[in-house]
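Structure, as structure tokens:
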Amino acid sequence: MKNKIVLGVTGGIAAYKAADIARRIMELGCAVQVVMTKNAEAFIGPLTFEALTGNKVLRAGLPAPGEDSMPHITLQREACIVLVAPATANIIGKFANGIADDSLSTFLLACNAQVIMAPAMNTMMYENKAVQKNIATLKERGVIIVGPAVGMLACGDEGAGKLSPVEDIVTAVEEALKIKRDFANLNVIVTAGGTREPVDAVRFIGNSSSGKMGFSVAEALKRRGAKVTLIAGATEVKPPDDIKIVNVKTAEEMRLETMSCFDNADILIMAAAVGDYRVMEAENRKVKKSGQWNITLVENPDILMEVSKRKRGQIVIGFAAETENTLENGKEKLLKKNMDMIVINDVSRKDTGFASDYNEITILTRAGELTRHGKALKSELAEIILDNAVKLLKNGKNEKDKKRA
Ligand code: PMT
């Protein structure tokens with residue numbers, strides 16, 4: 001089946017160029033479905049697009065009797081990429097602020113596919129603080145903005161605001177087609193960072209997890225379309241933008257937050273370094289220095305162990321931080337904690353593991369598949385971890401399909 005690109009056309013003088021854009025995208029081997037605003041129709045007729053694409057244009061008004069009553073929902077299921085070209089200040093503002101009052105703006109809100117926008121407007125409008133803020137908001141949410149170009153505008157002014165060249169817009173679509181969206185609409189919990197168990201009012205037992213590994217996984221998931229909840233303990237680096245973050249301190253807090261989200265999740269990825277022990281009776285004042293201090297530690301509940309008892313089709317992925325017998329110990333954790341997959345890393349090394357930008361991992365699945373991945377950036381390894389998780393998802397889906405047949 002061909003990739004379906006939804007081309008949103010809004011009311012600007014550059015709307016006529018959308019016909020060429022549609023044709024060029026079809027030359028990439030994609031199907032094109034055009035959605036037009038009412039104002040766009042003042043510049044170019046729907047018939048042009050229908051003749052070019054072979055698909056009926058989705059227009060601004062309500063569906064006629066007998067037509068699909070919820071075209072914006074049907075289309076969002078099929079859309080692989082959404083390109084809005086030209087994108088007026090109006091559609092940019094609506095999308096940035098969650099306004100849905102016609103087919104295109106409603107569809108944009110309902111759709112989880114990668115959105116690309118090619119702004120085109122008068123320079124003063126483009127430079128207006130409100131428009132700039134809206135564009136910044138959209139960029140932060142992962143929308144790809146192409147242009148605008150600088151040049152002579154239809155109104156006679158010269159400056160930024162011209163629709164980018166068609167080639168640049170089509171190249172952006174081509175690049176976006178390479179971005180995987182295989183986690184679209186999935187709820188994924190990621191834990192990251194280290195927990196801190198209080199000893200007294202100012203001291204704690206912690207570990208050197210920086211959060212980098214978990215954050216990289218969360219960012220990759222977000223890019224690939226997942227709805228991510230990031231449960232973060234103590235971390236050293238800035239958390240990713242535009243991801244729902246729940247901050248926790250202790251293992252118990254992480255346990256409570258994870259359990260409260262788990263039933264609605266499709267996948268859990270536990271990259272956090274959870275403290276195995278806590279102080280039996282932490283002092284709530286600062287303990288004065290007076291010779292030897294004996295502290296009794298008690299075991300923390302194991303989050304993965306608890307989760308595995310509540311599993312109802314979710315994929316559970318854990319990490320194993322090992323310093324010796326890495327494969328054997330990792331395999332034991334995979335089975336004991338009833339995970340679907342474990343990512344084993346050797347944390348005795350200084351150049352990988354804790355706090356480093358790099359890691360070296362072995363991935364082991366419950367079905368016994370083992371793959372080793374040499375030293376690489378955590379961001380690169382996060383993609384590999386997700387590629388493996390996708391295989392588990394597909395296997396799980398195939399099993400369910402078999403049972404239903
Ligand atoms: O944060 P960085 O600096 O980037 O470092 C990344 C990392 C080294 C912390 C990460 O790659 C990693 O290995 N995370 C898991 C650390 C850990 O707690 O491993 P473990 O072998 O002790 O535990 C096995 C699994 O059980 C882990 O998924 C852990 O999250 C989970 N666990 C552990 C204890 C506990 N009480 N409950 C748990 O669920």
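Ligands are numbered from 1 in the order shown, chains are lettered A, B, ... in the order of the structure tokens, and residues start at 1 in each chain.
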Long-range neighbours of stretch 234-241 of chain A as a count of residues only, 6 Å cut-off, only C-alpha atoms, 2 positions minimum in chain: 5
Mind the document's chain letters and residue numbers, and return as a PyMOL selection string the residues of stretch 183-232 of chain A that DSSP labels alpha helix (DSSP H). chain A and resi 212-223
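Those residues that approach A:Lys311 to within 12 Å, counting only C-alpha atoms, are Met259, Phe262, Asp263, Asn264, Ala265, Asp266, Ile267, Leu268, Leu304, Met305, Glu306, Val316, Lys337, Asn338, Met339 and Asp340 of chain A; same-chain residues fewer than 5 positions away are not listed.
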Take the residues that were just selected and, keeping all heavy atoms, output them as a short mmCIF file (atom, residue, chain, number, x, y, z; two decimals), in the first residue's frame.
data_model
loop_
_atom_site.label_atom_id
_atom_site.label_comp_id
_atom_site.auth_asym_id
_atom_site.auth_seq_id
_atom_site.Cartn_x
_atom_site.Cartn_y
_atom_site.Cartn_z
N MET A 259 2.92 2.20 39.13
CA MET A 259 1.73 1.35 39.27
C MET A 259 0.47 2.12 38.86
O MET A 259 -0.44 1.56 38.27
CB MET A 259 1.56 0.84 40.71
CG MET A 259 2.68 -0.07 41.20
SD MET A 259 3.28 -1.30 40.03
CE MET A 259 1.94 -2.43 39.98
N PHE A 262 0.36 2.09 35.04
CA PHE A 262 0.63 0.84 34.32
C PHE A 262 -0.59 0.23 33.62
O PHE A 262 -0.49 -0.24 32.48
CB PHE A 262 1.27 -0.20 35.25
CG PHE A 262 1.68 -1.45 34.54
CD1 PHE A 262 2.74 -1.44 33.65
CD2 PHE A 262 0.99 -2.65 34.73
CE1 PHE A 262 3.12 -2.59 32.97
CE2 PHE A 262 1.35 -3.80 34.05
CZ PHE A 262 2.43 -3.77 33.17
N ASP A 263 -1.73 0.26 34.28
CA ASP A 263 -2.91 -0.41 33.69
C ASP A 263 -3.30 0.19 32.34
O ASP A 263 -3.81 -0.51 31.48
CB ASP A 263 -4.10 -0.35 34.66
CG ASP A 263 -3.87 -1.25 35.86
OD1 ASP A 263 -2.97 -2.11 35.78
OD2 ASP A 263 -4.57 -1.08 36.88
N ASN A 264 -3.03 1.49 32.17
CA ASN A 264 -3.40 2.15 30.90
C ASN A 264 -2.25 2.17 29.90
O ASN A 264 -2.37 2.79 28.84
CB ASN A 264 -3.85 3.59 31.15
CG ASN A 264 -5.18 3.62 31.86
OD1 ASN A 264 -6.02 2.76 31.62
ND2 ASN A 264 -5.35 4.57 32.76
N ALA A 265 -1.14 1.54 30.25
CA ALA A 265 0.03 1.60 29.37
C ALA A 265 0.07 0.40 28.43
O ALA A 265 -0.49 -0.66 28.72
CB ALA A 265 1.30 1.64 30.21
N ASP A 266 0.74 0.59 27.30
CA ASP A 266 0.98 -0.52 26.39
C ASP A 266 2.38 -1.10 26.62
O ASP A 266 2.61 -2.28 26.40
CB ASP A 266 0.88 -0.05 24.93
CG ASP A 266 -0.51 0.48 24.61
OD1 ASP A 266 -1.43 -0.34 24.55
OD2 ASP A 266 -0.67 1.71 24.46
N ILE A 267 3.28 -0.22 27.05
CA ILE A 267 4.68 -0.64 27.22
C ILE A 267 5.25 0.06 28.45
O ILE A 267 4.95 1.23 28.70
CB ILE A 267 5.54 -0.25 25.98
CG1 ILE A 267 4.93 -0.81 24.69
CG2 ILE A 267 6.98 -0.72 26.14
CD1 ILE A 267 5.59 -0.30 23.42
N LEU A 268 6.08 -0.66 29.20
CA LEU A 268 6.85 -0.04 30.29
C LEU A 268 8.33 -0.29 30.02
O LEU A 268 8.72 -1.44 29.76
CB LEU A 268 6.46 -0.66 31.65
CG LEU A 268 7.40 -0.37 32.82
CD1 LEU A 268 7.38 1.11 33.20
CD2 LEU A 268 7.02 -1.21 34.05
N LEU A 304 9.41 -3.93 39.08
CA LEU A 304 9.15 -4.85 37.96
C LEU A 304 8.46 -6.12 38.42
O LEU A 304 7.59 -6.65 37.73
CB LEU A 304 10.46 -5.18 37.25
CG LEU A 304 10.95 -4.14 36.26
CD1 LEU A 304 12.31 -4.52 35.70
CD2 LEU A 304 9.97 -3.95 35.12
N MET A 305 8.86 -6.62 39.60
CA MET A 305 8.21 -7.83 40.14
C MET A 305 6.72 -7.59 40.34
O MET A 305 5.89 -8.43 40.03
CB MET A 305 8.83 -8.22 41.48
CG MET A 305 10.23 -8.75 41.39
SD MET A 305 10.27 -10.42 40.83
CE MET A 305 10.47 -11.23 42.37
N GLU A 306 6.41 -6.39 40.88
CA GLU A 306 5.02 -6.08 41.17
C GLU A 306 4.22 -5.89 39.88
O GLU A 306 3.09 -6.37 39.75
CB GLU A 306 4.97 -4.80 42.02
CG GLU A 306 3.71 -4.72 42.83
CD GLU A 306 3.78 -3.60 43.86
OE1 GLU A 306 4.83 -3.42 44.50
OE2 GLU A 306 2.76 -2.91 44.00
N VAL A 316 6.82 -5.45 28.85
CA VAL A 316 7.64 -4.92 29.95
C VAL A 316 9.12 -5.12 29.62
O VAL A 316 9.56 -6.24 29.37
CB VAL A 316 7.26 -5.58 31.29
CG1 VAL A 316 8.22 -5.16 32.39
CG2 VAL A 316 5.82 -5.23 31.67
N LYS A 337 11.85 -11.53 36.96
CA LYS A 337 10.94 -10.38 37.00
C LYS A 337 9.90 -10.44 35.87
O LYS A 337 9.19 -9.47 35.63
CB LYS A 337 11.74 -9.07 36.93
CG LYS A 337 12.76 -8.94 38.08
CD LYS A 337 13.33 -7.55 38.15
CE LYS A 337 14.46 -7.44 39.17
NZ LYS A 337 14.77 -6.07 39.55
N ASN A 338 9.86 -11.58 35.17
CA ASN A 338 8.85 -11.80 34.11
C ASN A 338 8.81 -10.66 33.08
O ASN A 338 7.75 -10.16 32.72
CB ASN A 338 7.47 -11.99 34.76
CG ASN A 338 6.45 -12.50 33.76
OD1 ASN A 338 6.82 -13.07 32.73
ND2 ASN A 338 5.18 -12.26 34.03
N MET A 339 10.02 -10.25 32.63
CA MET A 339 10.08 -9.19 31.61
C MET A 339 9.93 -9.84 30.23
O MET A 339 10.13 -11.04 30.08
CB MET A 339 11.45 -8.51 31.63
CG MET A 339 11.84 -7.88 32.93
SD MET A 339 13.50 -7.18 32.72
CE MET A 339 14.10 -7.23 34.39
N ASP A 340 9.62 -9.02 29.23
CA ASP A 340 9.57 -9.51 27.86
C ASP A 340 10.93 -9.34 27.19
O ASP A 340 11.27 -10.04 26.24
CB ASP A 340 8.51 -8.75 27.07
CG ASP A 340 7.14 -8.99 27.67
OD1 ASP A 340 6.61 -10.09 27.48
OD2 ASP A 340 6.63 -8.10 28.39
#
Just checking: using only C-alpha atoms, which residue out of A:Thr171, A:Asn284, A:Asn122, A:Thr195 ends up closest to A:Ala14?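 Closest residue, counting only C-alpha atoms: A:Asn122.
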Taking only residues of chain A that have an atom at most 7 Å from an atom of ligand 1, what is each one's shortest atom pair and its distance in Å to one decimal, using only C-alpha atoms and all ligand atoms, in chain and number order, as a tab-separated table?
residue	atom	partner	partner_atom_place_in_ligand_line	distance
A:Ala192	CA	ligand 1	1 (O)	6.2
A:Gly193	CA	ligand 1	1 (O)	4.8
A:Gly194	CA	ligand 1	1 (O)	6.9
A:Ser208	CA	ligand 1	3 (O)	6.4
A:Ser209	CA	ligand 1	3 (O)	3.7
A:Ser210	CA	ligand 1	3 (O)	3.6
A:Gly211	CA	ligand 1	1 (O)	3.5
A:Lys212	CA	ligand 1	4 (O)	3.6
A:Met213	CA	ligand 1	4 (O)	3.7
A:Gly214	CA	ligand 1	1 (O)	6.3
A:Ala251	CA	ligand 1	36 (N)	6.4
A:Met270	CA	ligand 1	28 (O)	4.4
A:Ala271	CA	ligand 1	14 (N)	4.2
A:Ala272	CA	ligand 1	30 (O)	4.6
A:Ala273	CA	ligand 1	18 (O)	3.4
A:Val274	CA	ligand 1	34 (C)	4.5
A:Gly275	CA	ligand 1	36 (N)	5.8
A:Asp276	CA	ligand 1	36 (N)	4.8
A:Asn300	CA	ligand 1	36 (N)	5.4
A:Pro301	CA	ligand 1	36 (N)	5.2
A:Asp302	CA	ligand 1	36 (N)	3.6
A:Ile303	CA	ligand 1	39 (O)	3.6
A:Leu304	CA	ligand 1	39 (O)	3.9
A:Met305	CA	ligand 1	39 (O)	6.7
A:Gly318	CA	ligand 1	28 (O)	3.6
A:Phe319	CA	ligand 1	28 (O)	3.9
A:Ala320	CA	ligand 1	21 (O)	3.5
A:Ala321	CA	ligand 1	13 (O)	4.0
A:Glu322	CA	ligand 1	21 (O)	6.1
A:Lys333	CA	ligand 1	24 (C)	6.6
A:Ile344	CA	ligand 1	13 (O)	6.8
A:Asn345	CA	ligand 1	13 (O)	5.8
A:Val347	CA	ligand 1	8 (C)	6.1
A:Gly353	CA	ligand 1	8 (C)	4.4
A:Phe354	CA	ligand 1	3 (O)	3.8
A:Ala355	CA	ligand 1	3 (O)	3.3
A:Ser356	CA	ligand 1	3 (O)	6.0
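Among A:Leu335, A:Val115, A:Ile295, A:Val190, the residue with the shortest atom-to-atom distance to A:Glu283, counting only C-alpha atoms, is A:Ile295.
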Which is closest to A:Met121 among A:Ala100, A:Leu177, A:Ala87, A:Ala232, if we use only C-alpha atoms?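 Of A:Ala100, A:Leu177, A:Ala87, A:Ala232, the one nearest A:Met121, counting only C-alpha atoms, is A:Ala87.
The residue set within 12 Å of A:Glu167, counting only C-alpha atoms and dropping same-chain residues fewer than 5 places from it, reads Lys17, Ala18, Asp20, Ile21, Ala22, Arg23, Arg24, Ile25, Ala118, Val146, Gly147, Ala172, Val173 and Glu174 of chain A.
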Written selection (N, CA, C and O atoms) as an mmCIF file, in the first residue's frame:
data_model
loop_
_atom_site.group_PDB
_atom_site.id
_atom_site.type_symbol
_atom_site.label_atom_id
_atom_site.label_comp_id
_atom_site.auth_asym_id
_atom_site.auth_seq_id
_atom_site.Cartn_x
_atom_site.Cartn_y
_atom_site.Cartn_z
ATOM 1 N N LYS A 17 0.633 26.864 -5.998
ATOM 2 C CA LYS A 17 1.839 26.020 -6.042
ATOM 3 C C LYS A 17 1.581 24.646 -5.418
ATOM 4 O O LYS A 17 2.351 23.710 -5.593
ATOM 5 N N ALA A 18 0.484 24.543 -4.631
ATOM 6 C CA ALA A 18 0.169 23.269 -3.975
ATOM 7 C C ALA A 18 -0.122 22.178 -5.005
ATOM 8 O O ALA A 18 0.078 20.996 -4.746
ATOM 9 N N ASP A 20 1.465 21.773 -7.845
ATOM 10 C CA ASP A 20 2.767 21.227 -8.232
ATOM 11 C C ASP A 20 3.327 20.347 -7.102
ATOM 12 O O ASP A 20 3.891 19.282 -7.350
ATOM 13 N N ILE A 21 3.119 20.811 -5.849
ATOM 14 C CA ILE A 21 3.604 20.031 -4.701
ATOM 15 C C ILE A 21 2.923 18.652 -4.695
ATOM 16 O O ILE A 21 3.580 17.617 -4.532
ATOM 17 N N ALA A 22 1.591 18.636 -4.917
ATOM 18 C CA ALA A 22 0.851 17.364 -4.927
ATOM 19 C C ALA A 22 1.432 16.432 -5.996
ATOM 20 O O ALA A 22 1.687 15.245 -5.738
ATOM 21 N N ARG A 23 1.670 16.994 -7.150
ATOM 22 C CA ARG A 23 2.186 16.173 -8.266
ATOM 23 C C ARG A 23 3.569 15.605 -7.934
ATOM 24 O O ARG A 23 3.841 14.429 -8.126
ATOM 25 N N ARG A 24 4.413 16.475 -7.342
ATOM 26 C CA ARG A 24 5.784 16.037 -7.025
ATOM 27 C C ARG A 24 5.789 14.976 -5.921
ATOM 28 O O ARG A 24 6.626 14.090 -5.918
ATOM 29 N N ILE A 25 4.852 15.090 -4.986
ATOM 30 C CA ILE A 25 4.790 14.075 -3.908
ATOM 31 C C ILE A 25 4.325 12.747 -4.499
ATOM 32 O O ILE A 25 4.828 11.685 -4.121
ATOM 33 N N ALA A 118 4.629 24.695 5.763
ATOM 34 C CA ALA A 118 5.428 25.633 4.962
ATOM 35 C C ALA A 118 4.715 26.990 5.000
ATOM 36 O O ALA A 118 3.802 27.235 4.206
ATOM 37 N N VAL A 146 9.110 24.412 7.305
ATOM 38 C CA VAL A 146 9.983 24.626 6.132
ATOM 39 C C VAL A 146 9.833 26.084 5.710
ATOM 40 O O VAL A 146 8.745 26.525 5.343
ATOM 41 N N GLY A 147 10.922 26.809 5.795
ATOM 42 C CA GLY A 147 10.897 28.216 5.379
ATOM 43 C C GLY A 147 10.308 29.120 6.435
ATOM 44 O O GLY A 147 10.337 28.792 7.609
ATOM 45 N N ALA A 172 11.531 17.922 2.288
ATOM 46 C CA ALA A 172 11.147 17.763 3.705
ATOM 47 C C ALA A 172 10.200 16.566 3.877
ATOM 48 O O ALA A 172 10.301 15.816 4.842
ATOM 49 N N VAL A 173 9.300 16.398 2.907
ATOM 50 C CA VAL A 173 8.388 15.238 2.957
ATOM 51 C C VAL A 173 9.195 13.949 2.815
ATOM 52 O O VAL A 173 9.008 12.985 3.566
ATOM 53 N N GLU A 174 10.133 13.975 1.860
ATOM 54 C CA GLU A 174 10.963 12.791 1.612
ATOM 55 C C GLU A 174 11.739 12.401 2.873
ATOM 56 O O GLU A 174 11.811 11.235 3.253
#
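Going from atom CA of A:Val217 over to atom CA of A:Ile315, you cover 15.0 Å.
Residue neighbourhood of A:Gly98, excluding near-sequence residues (fewer than 3 positions): Lys94, Phe95 and Leu109 of chain A, at 7 Å, using only C-alpha atoms.
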Let me see the file: selected residues, C-alpha atoms, as a PDB file, in the first residue's frame.
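The result, stored in out26.pdb:
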ATOM      1  CA  LYS A  94      -5.205  27.540  15.164  1.00  0.00           C
ATOM      2  CA  PHE A  95      -2.971  24.466  15.336  1.00  0.00           C
ATOM      3  CA  LEU A 109      -5.828  18.113  16.106  1.00  0.00           C
TER       4      LEU A 109
END
Can you pull out every residue from stretch 112-321 of chain A that DSSP, working from the backbone, puts in strand (DSSP E or B), and format the result as an mmCIF file with N, CA and C atoms, in the first residue's frame?
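What ended up in states15.cif:
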data_model
loop_
_atom_site.group_PDB
_atom_site.id
_atom_site.type_symbol
_atom_site.label_atom_id
_atom_site.label_comp_id
_atom_site.auth_asym_id
_atom_site.auth_seq_id
_atom_site.Cartn_x
_atom_site.Cartn_y
_atom_site.Cartn_z
ATOM 1 N N GLN A 114 3.344 12.780 11.575
ATOM 2 C CA GLN A 114 4.301 13.898 11.507
ATOM 3 C C GLN A 114 3.698 15.043 10.687
ATOM 4 N N VAL A 115 3.720 16.244 11.258
ATOM 5 C CA VAL A 115 3.179 17.400 10.531
ATOM 6 C C VAL A 115 4.331 18.279 10.025
ATOM 7 N N ILE A 116 4.208 18.696 8.784
ATOM 8 C CA ILE A 116 5.171 19.644 8.183
ATOM 9 C C ILE A 116 4.363 20.865 7.763
ATOM 10 N N MET A 117 4.863 22.059 8.065
ATOM 11 C CA MET A 117 4.155 23.260 7.629
ATOM 12 C C MET A 117 5.107 24.170 6.858
ATOM 13 N N ALA A 118 4.629 24.695 5.763
ATOM 14 C CA ALA A 118 5.428 25.633 4.962
ATOM 15 C C ALA A 118 4.715 26.990 5.000
ATOM 16 N N PRO A 119 5.105 27.858 5.946
ATOM 17 C CA PRO A 119 4.409 29.146 6.082
ATOM 18 C C PRO A 119 4.581 30.037 4.847
ATOM 19 N N ILE A 144 7.579 20.084 11.820
ATOM 20 C CA ILE A 144 8.701 20.536 10.979
ATOM 21 C C ILE A 144 8.234 21.773 10.212
ATOM 22 N N ILE A 145 8.983 22.872 10.365
ATOM 23 C CA ILE A 145 8.624 24.110 9.663
ATOM 24 C C ILE A 145 9.621 24.321 8.516
ATOM 25 N N ALA A 149 10.775 31.428 2.715
ATOM 26 C CA ALA A 149 11.918 31.992 2.001
ATOM 27 C C ALA A 149 11.830 33.518 2.040
ATOM 28 N N VAL A 150 12.949 34.149 1.701
ATOM 29 C CA VAL A 150 13.000 35.614 1.644
ATOM 30 C C VAL A 150 12.927 36.025 0.175
ATOM 31 N N GLY A 151 12.173 37.057 -0.145
ATOM 32 C CA GLY A 151 12.115 37.496 -1.539
ATOM 33 C C GLY A 151 11.010 38.501 -1.745
ATOM 34 N N MET A 152 10.674 38.742 -2.997
ATOM 35 C CA MET A 152 9.604 39.670 -3.362
ATOM 36 C C MET A 152 8.260 38.975 -3.149
ATOM 37 N N GLU A 158 9.252 43.284 0.211
ATOM 38 C CA GLU A 158 10.341 42.332 0.090
ATOM 39 C C GLU A 158 10.773 41.910 1.492
ATOM 40 N N GLY A 159 10.936 40.617 1.702
ATOM 41 C CA GLY A 159 11.350 40.130 3.020
ATOM 42 C C GLY A 159 10.985 38.676 3.208
ATOM 43 N N ALA A 160 10.996 38.229 4.474
ATOM 44 C CA ALA A 160 10.685 36.822 4.771
ATOM 45 C C ALA A 160 9.175 36.610 4.716
ATOM 46 N N GLY A 161 8.744 35.495 4.150
ATOM 47 C CA GLY A 161 7.313 35.218 4.112
ATOM 48 C C GLY A 161 6.890 34.495 2.849
ATOM 49 N N LYS A 162 7.833 34.376 1.916
ATOM 50 C CA LYS A 162 7.541 33.710 0.636
ATOM 51 C C LYS A 162 7.516 32.197 0.845
ATOM 52 N N ASN A 187 0.676 4.104 24.487
ATOM 53 C CA ASN A 187 1.024 4.731 25.775
ATOM 54 C C ASN A 187 2.241 4.020 26.335
ATOM 55 N N VAL A 188 3.297 4.768 26.538
ATOM 56 C CA VAL A 188 4.529 4.133 27.032
ATOM 57 C C VAL A 188 5.020 4.855 28.289
ATOM 58 N N ILE A 189 5.332 4.062 29.316
ATOM 59 C CA ILE A 189 5.937 4.633 30.524
ATOM 60 C C ILE A 189 7.432 4.364 30.437
ATOM 61 N N VAL A 190 8.210 5.398 30.693
ATOM 62 C CA VAL A 190 9.669 5.228 30.758
ATOM 63 C C VAL A 190 10.114 5.723 32.126
ATOM 64 N N THR A 191 10.941 4.951 32.809
ATOM 65 C CA THR A 191 11.521 5.469 34.046
ATOM 66 C C THR A 191 12.987 5.801 33.772
ATOM 67 N N ALA A 192 13.477 6.837 34.438
ATOM 68 C CA ALA A 192 14.853 7.292 34.183
ATOM 69 C C ALA A 192 15.450 7.856 35.467
ATOM 70 N N GLY A 194 18.071 8.140 38.907
ATOM 71 C CA GLY A 194 18.284 7.312 40.101
ATOM 72 C C GLY A 194 17.360 7.712 41.234
ATOM 73 N N GLU A 197 17.247 7.547 48.616
ATOM 74 C CA GLU A 197 16.611 7.081 49.844
ATOM 75 C C GLU A 197 17.151 7.913 51.007
ATOM 76 N N PRO A 198 16.282 8.657 51.704
ATOM 77 C CA PRO A 198 16.795 9.534 52.767
ATOM 78 C C PRO A 198 17.402 8.757 53.936
ATOM 79 N N PHE A 204 21.352 11.226 51.923
ATOM 80 C CA PHE A 204 20.584 10.176 51.241
ATOM 81 C C PHE A 204 21.521 9.119 50.670
ATOM 82 N N ILE A 205 20.919 7.963 50.339
ATOM 83 C CA ILE A 205 21.658 6.933 49.608
ATOM 84 C C ILE A 205 21.168 7.020 48.162
ATOM 85 N N LYS A 227 2.814 8.156 23.056
ATOM 86 C CA LYS A 227 2.432 9.087 24.106
ATOM 87 C C LYS A 227 3.241 8.650 25.321
ATOM 88 N N VAL A 228 4.200 9.475 25.699
ATOM 89 C CA VAL A 228 5.174 9.042 26.709
ATOM 90 C C VAL A 228 4.887 9.671 28.072
ATOM 91 N N THR A 229 4.942 8.846 29.111
ATOM 92 C CA THR A 229 4.964 9.367 30.477
ATOM 93 C C THR A 229 6.337 9.023 31.032
ATOM 94 N N LEU A 230 7.071 10.052 31.395
ATOM 95 C CA LEU A 230 8.434 9.847 31.875
ATOM 96 C C LEU A 230 8.457 10.013 33.392
ATOM 97 N N ILE A 231 8.780 8.946 34.094
ATOM 98 C CA ILE A 231 8.858 9.018 35.556
ATOM 99 C C ILE A 231 10.345 9.131 35.898
ATOM 100 N N ALA A 232 10.716 10.308 36.389
ATOM 101 C CA ALA A 232 12.148 10.593 36.546
ATOM 102 C C ALA A 232 12.536 10.781 38.002
ATOM 103 N N ALA A 234 16.247 11.305 40.389
ATOM 104 C CA ALA A 234 17.287 12.348 40.330
ATOM 105 C C ALA A 234 18.052 12.198 39.023
ATOM 106 N N LYS A 244 5.470 14.412 29.012
ATOM 107 C CA LYS A 244 4.872 14.496 30.346
ATOM 108 C C LYS A 244 5.842 13.881 31.362
ATOM 109 N N ILE A 245 6.265 14.707 32.333
ATOM 110 C CA ILE A 245 7.260 14.211 33.302
ATOM 111 C C ILE A 245 6.659 14.162 34.697
ATOM 112 N N VAL A 246 6.870 13.054 35.366
ATOM 113 C CA VAL A 246 6.466 12.928 36.766
ATOM 114 C C VAL A 246 7.763 12.793 37.560
ATOM 115 N N ASN A 247 8.023 13.766 38.430
ATOM 116 C CA ASN A 247 9.273 13.718 39.194
ATOM 117 C C ASN A 247 9.074 12.967 40.507
ATOM 118 N N ILE A 267 3.278 -0.219 27.047
ATOM 119 C CA ILE A 267 4.677 -0.643 27.220
ATOM 120 C C ILE A 267 5.254 0.059 28.448
ATOM 121 N N LEU A 268 6.082 -0.662 29.198
ATOM 122 C CA LEU A 268 6.854 -0.040 30.290
ATOM 123 C C LEU A 268 8.330 -0.293 30.018
ATOM 124 N N ILE A 269 9.122 0.760 30.071
ATOM 125 C CA ILE A 269 10.578 0.595 29.902
ATOM 126 C C ILE A 269 11.258 1.157 31.149
ATOM 127 N N MET A 270 11.839 0.284 31.940
ATOM 128 C CA MET A 270 12.434 0.688 33.222
ATOM 129 C C MET A 270 13.941 0.893 33.063
ATOM 130 N N ALA A 273 17.616 3.613 37.670
ATOM 131 C CA ALA A 273 18.411 2.854 38.643
ATOM 132 C C ALA A 273 17.692 2.997 39.993
ATOM 133 N N TYR A 277 17.688 -0.823 48.368
ATOM 134 C CA TYR A 277 17.523 -0.727 49.829
ATOM 135 C C TYR A 277 17.159 0.685 50.259
ATOM 136 N N ARG A 278 16.484 0.776 51.381
ATOM 137 C CA ARG A 278 16.243 2.087 52.010
ATOM 138 C C ARG A 278 16.578 1.952 53.496
ATOM 139 N N VAL A 279 16.726 3.103 54.115
ATOM 140 C CA VAL A 279 17.045 3.109 55.543
ATOM 141 C C VAL A 279 15.773 2.762 56.320
ATOM 142 N N LEU A 297 19.493 -1.188 56.855
ATOM 143 C CA LEU A 297 18.821 -1.048 55.566
ATOM 144 C C LEU A 297 17.802 -2.169 55.382
ATOM 145 N N VAL A 298 16.681 -1.828 54.773
ATOM 146 C CA VAL A 298 15.681 -2.858 54.441
ATOM 147 C C VAL A 298 15.445 -2.826 52.938
ATOM 148 N N GLU A 299 15.021 -3.959 52.396
ATOM 149 C CA GLU A 299 14.841 -4.061 50.953
ATOM 150 C C GLU A 299 13.638 -3.247 50.472
ATOM 151 N N ILE A 315 3.846 -4.880 27.233
ATOM 152 C CA ILE A 315 5.237 -5.289 27.018
ATOM 153 C C ILE A 315 6.055 -4.639 28.127
ATOM 154 N N VAL A 316 6.824 -5.450 28.853
ATOM 155 C CA VAL A 316 7.642 -4.916 29.945
ATOM 156 C C VAL A 316 9.120 -5.123 29.622
ATOM 157 N N ILE A 317 9.833 -4.011 29.619
ATOM 158 C CA ILE A 317 11.268 -4.051 29.286
ATOM 159 C C ILE A 317 12.062 -3.470 30.448
ATOM 160 N N GLY A 318 13.017 -4.223 30.916
ATOM 161 C CA GLY A 318 13.858 -3.733 32.007
ATOM 162 C C GLY A 318 15.300 -3.633 31.565
ATOM 163 N N PHE A 319 16.112 -3.068 32.418
ATOM 164 C CA PHE A 319 17.553 -2.994 32.189
ATOM 165 C C PHE A 319 18.229 -3.849 33.258
ATOM 166 N N ALA A 320 19.443 -4.271 33.005
ATOM 167 C CA ALA A 320 20.227 -4.917 34.060
ATOM 168 C C ALA A 320 21.552 -4.190 34.130
ATOM 169 N N ALA A 321 21.842 -3.625 35.289
ATOM 170 C CA ALA A 321 23.122 -2.953 35.494
ATOM 171 C C ALA A 321 24.037 -3.951 36.200
#
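Of the residues under consideration (A:Ile342, A:Cys30, A:Val307, A:Leu104), A:Ile342 shows the shortest atom-to-atom contact distance to A:Ile385 when counting only C-alpha atoms.
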